[in-house]
Amino acid sequence: MGSAPRFAAAVLTGLLLAQGTFTASAHGRDADTTPPPPTPRSEVHTLRFLPGGTDVFHADTETFSMLGVTWDDPNAPLPGTLEVRTRSVDTDEWSEWTPLDADDSAGDAEARRGGTDPLWVGASDGAEVRSIDGDDIVHGLPEGLRLDLIDPGRATTARPLPAPQASSGTSPAAGAPKPAIVTRAGWGADESISPASPVYTASGAIKAAVVHHTVDSNNYTCAQAPSVIRSIHAYHVRQLGWRDIGYNFLVDKCGTIYEGRKGGVDRAVLGAHAYGFNSQTTGIAVLGTYTSTTPPEAVLNSVAAVAAWKLGKYGIDPTGTTTLTAGADGGNYFHKNWKLGAKLTFPTIHGHRDGYNTQCPGDKLYDKLPTIRTKAATLTAKNHL
C-alpha cells in the first residue's frame, strides 16, 4: 500500500499581468459597429513548494474561470500530483480538490513553458494548490512553477448560431457533407495574441483524425463553451507560448463544432495536439472530461460528422486504418514504444492514447470510438446515394 501521502505547502505570491485592449479586424464589416472580441486576462502566481508540512496556502485573486500550473522547461516532466481547489464567486464556497492532468503531449515546438492541461472551474476568486508525494519531502518538481489563472472576458453579444461554411471546391462525393462549424470570430478569438501565420502539413493532406478531451469540468453550460475555448486559446498562447490553440476542431457537450487553430477548416492546418504525429493528423477535442462520464449522443454525432467530412476530403475511409510515420521517439498508453521514423498503423479515427502515453480522451469517450467510426461511415455512405 505504501505510506500515506503528505501535502506540501504552496506559497503563492501574485503578479497581475497587464494585457492591454485588443481589437480584431472587422473582416468586411463596418469597423465602427463591430464589437471587439472579449479579451482574456491572465493572472500569475509563483509557487514555492517547501519540504514537508501539511498546510496549504491560498491566494485571493481577481475573477478567473480557468487555471493551470506551468514551469520553465517545456520538456521537463511533472513528477507526483498537483491538486487545486477554487472558491466560487457565486457561492463563496470552496470546491473539492481536483488533480491537474500533466500527461498530455508537449504541444508546439516553439513552446516557452511546460504545463498541465488547463482546468475550467467557472467564475472563481480564490485558488489553492498542493503537491502530493509519497515521501516526507517533495522533490523533483521542475523549476519555475507558477499558477496561471485565466479570465476569458465577457462577450458583448450572444454567441452566434453555427452556419454551414462554403466548400473549398472539393467534390462532396469524396466523403460526407460539411457540418456546421462556428468560426473563430464566432467564439470570440482574440487574434492579436496569436498573430503568427498558420502552418500547413508538408503534404497538404491529413491521414487520420485524433480524438481528445480537454480534461475540463463537464459543468460548463453550452452558452459558456466559447468562454472555455477562449480560455484554452489564451492558456496555450500566453501561458505556454504556443503559436495558437493546439486543436484543429473543438466540440462542446451539446454537439456544436468550433474552428480551432486558424488557417482554414478546409485546409490541412498543422496542429499541436498529437506529439510526433501532428504533421499527418487533424485534432478534434471534446470540451470536458470523459474518464468516467459517458459522452452525450450529440458529441458522438458531431465528432463523427467533422471527422467524416475532413477525412473524406482526402479520400480516407473513416472505418479503415492508415500508416503514420513517427516524427519523434515515443510510446502510447498501451506500453507500445517506437523510434523516430517508425511506420505505425492506426485507425483513421483514433484516440490520443493510441499515439501518446496519456489517458486522453478518457475511457468513456475512447470506448465510443467504434460508434463514432460507424456513424462517420454512415454519413459518408448516405452522401453517395
# chains A, B, ... in the order shown; residues from 1 in each chain; ligands from 1
call {"tool": "residues_around", "arguments": {"residues": "A:Thr322", "least_positions_apart": "2", "cutoff": "9 Å", "atoms": "only C-alpha atoms", "output": "PyMOL selection string"}}
result
chain A and resi 207-208+316+320+324+344-348
call {"tool": "select_by_dssp", "arguments": {"residues": "stretch 78-322 of chain A", "states": "helix (DSSP H, G or I)", "output": "PyMOL selection string"}}
result
chain A and resi 172-174+184-187+191-193+222-239+278-280+297-312
call {"tool": "residues_around", "arguments": {"residues": "A:Val303", "least_positions_apart": "6", "cutoff": "8 Å", "atoms": "only C-alpha atoms", "output": "tab-separated table (two decimals) with N, CA, C and O atoms, in the first residue's frame"}}
result
chain	number	residue	atom	x	y	z
A	251	VAL	N	-15.48	20.45	-29.93
A	251	VAL	CA	-16.90	20.11	-29.89
A	251	VAL	C	-17.37	20.26	-28.45
A	251	VAL	O	-16.75	19.72	-27.53
A	284	ILE	N	-9.42	16.66	-33.00
A	284	ILE	CA	-10.80	17.01	-32.61
A	284	ILE	C	-10.92	16.83	-31.11
A	284	ILE	O	-10.81	15.71	-30.60
A	372	ILE	N	-18.34	6.08	-33.16
A	372	ILE	CA	-18.04	7.27	-33.96
A	372	ILE	C	-17.63	6.87	-35.37
A	372	ILE	O	-18.07	7.48	-36.36
call {"tool": "residues_around", "arguments": {"residues": "A:Gly255", "least_positions_apart": "3", "cutoff": "10 Å", "atoms": "only C-alpha atoms", "output": "MDAnalysis selection string"}}
result
chainID A and resid 222 250:252 258 286:287 296:303
call {"tool": "residues_around", "arguments": {"residues": "A:Lys368", "least_positions_apart": "4", "cutoff": "9 Å", "atoms": "only C-alpha atoms", "output": "count of residues only"}}
result
7
call {"tool": "atom_distance", "arguments": {"atom1": "atom CA of A:Gln359", "atom2": "atom CA of A:Pro179"}}
result
28.1 Å
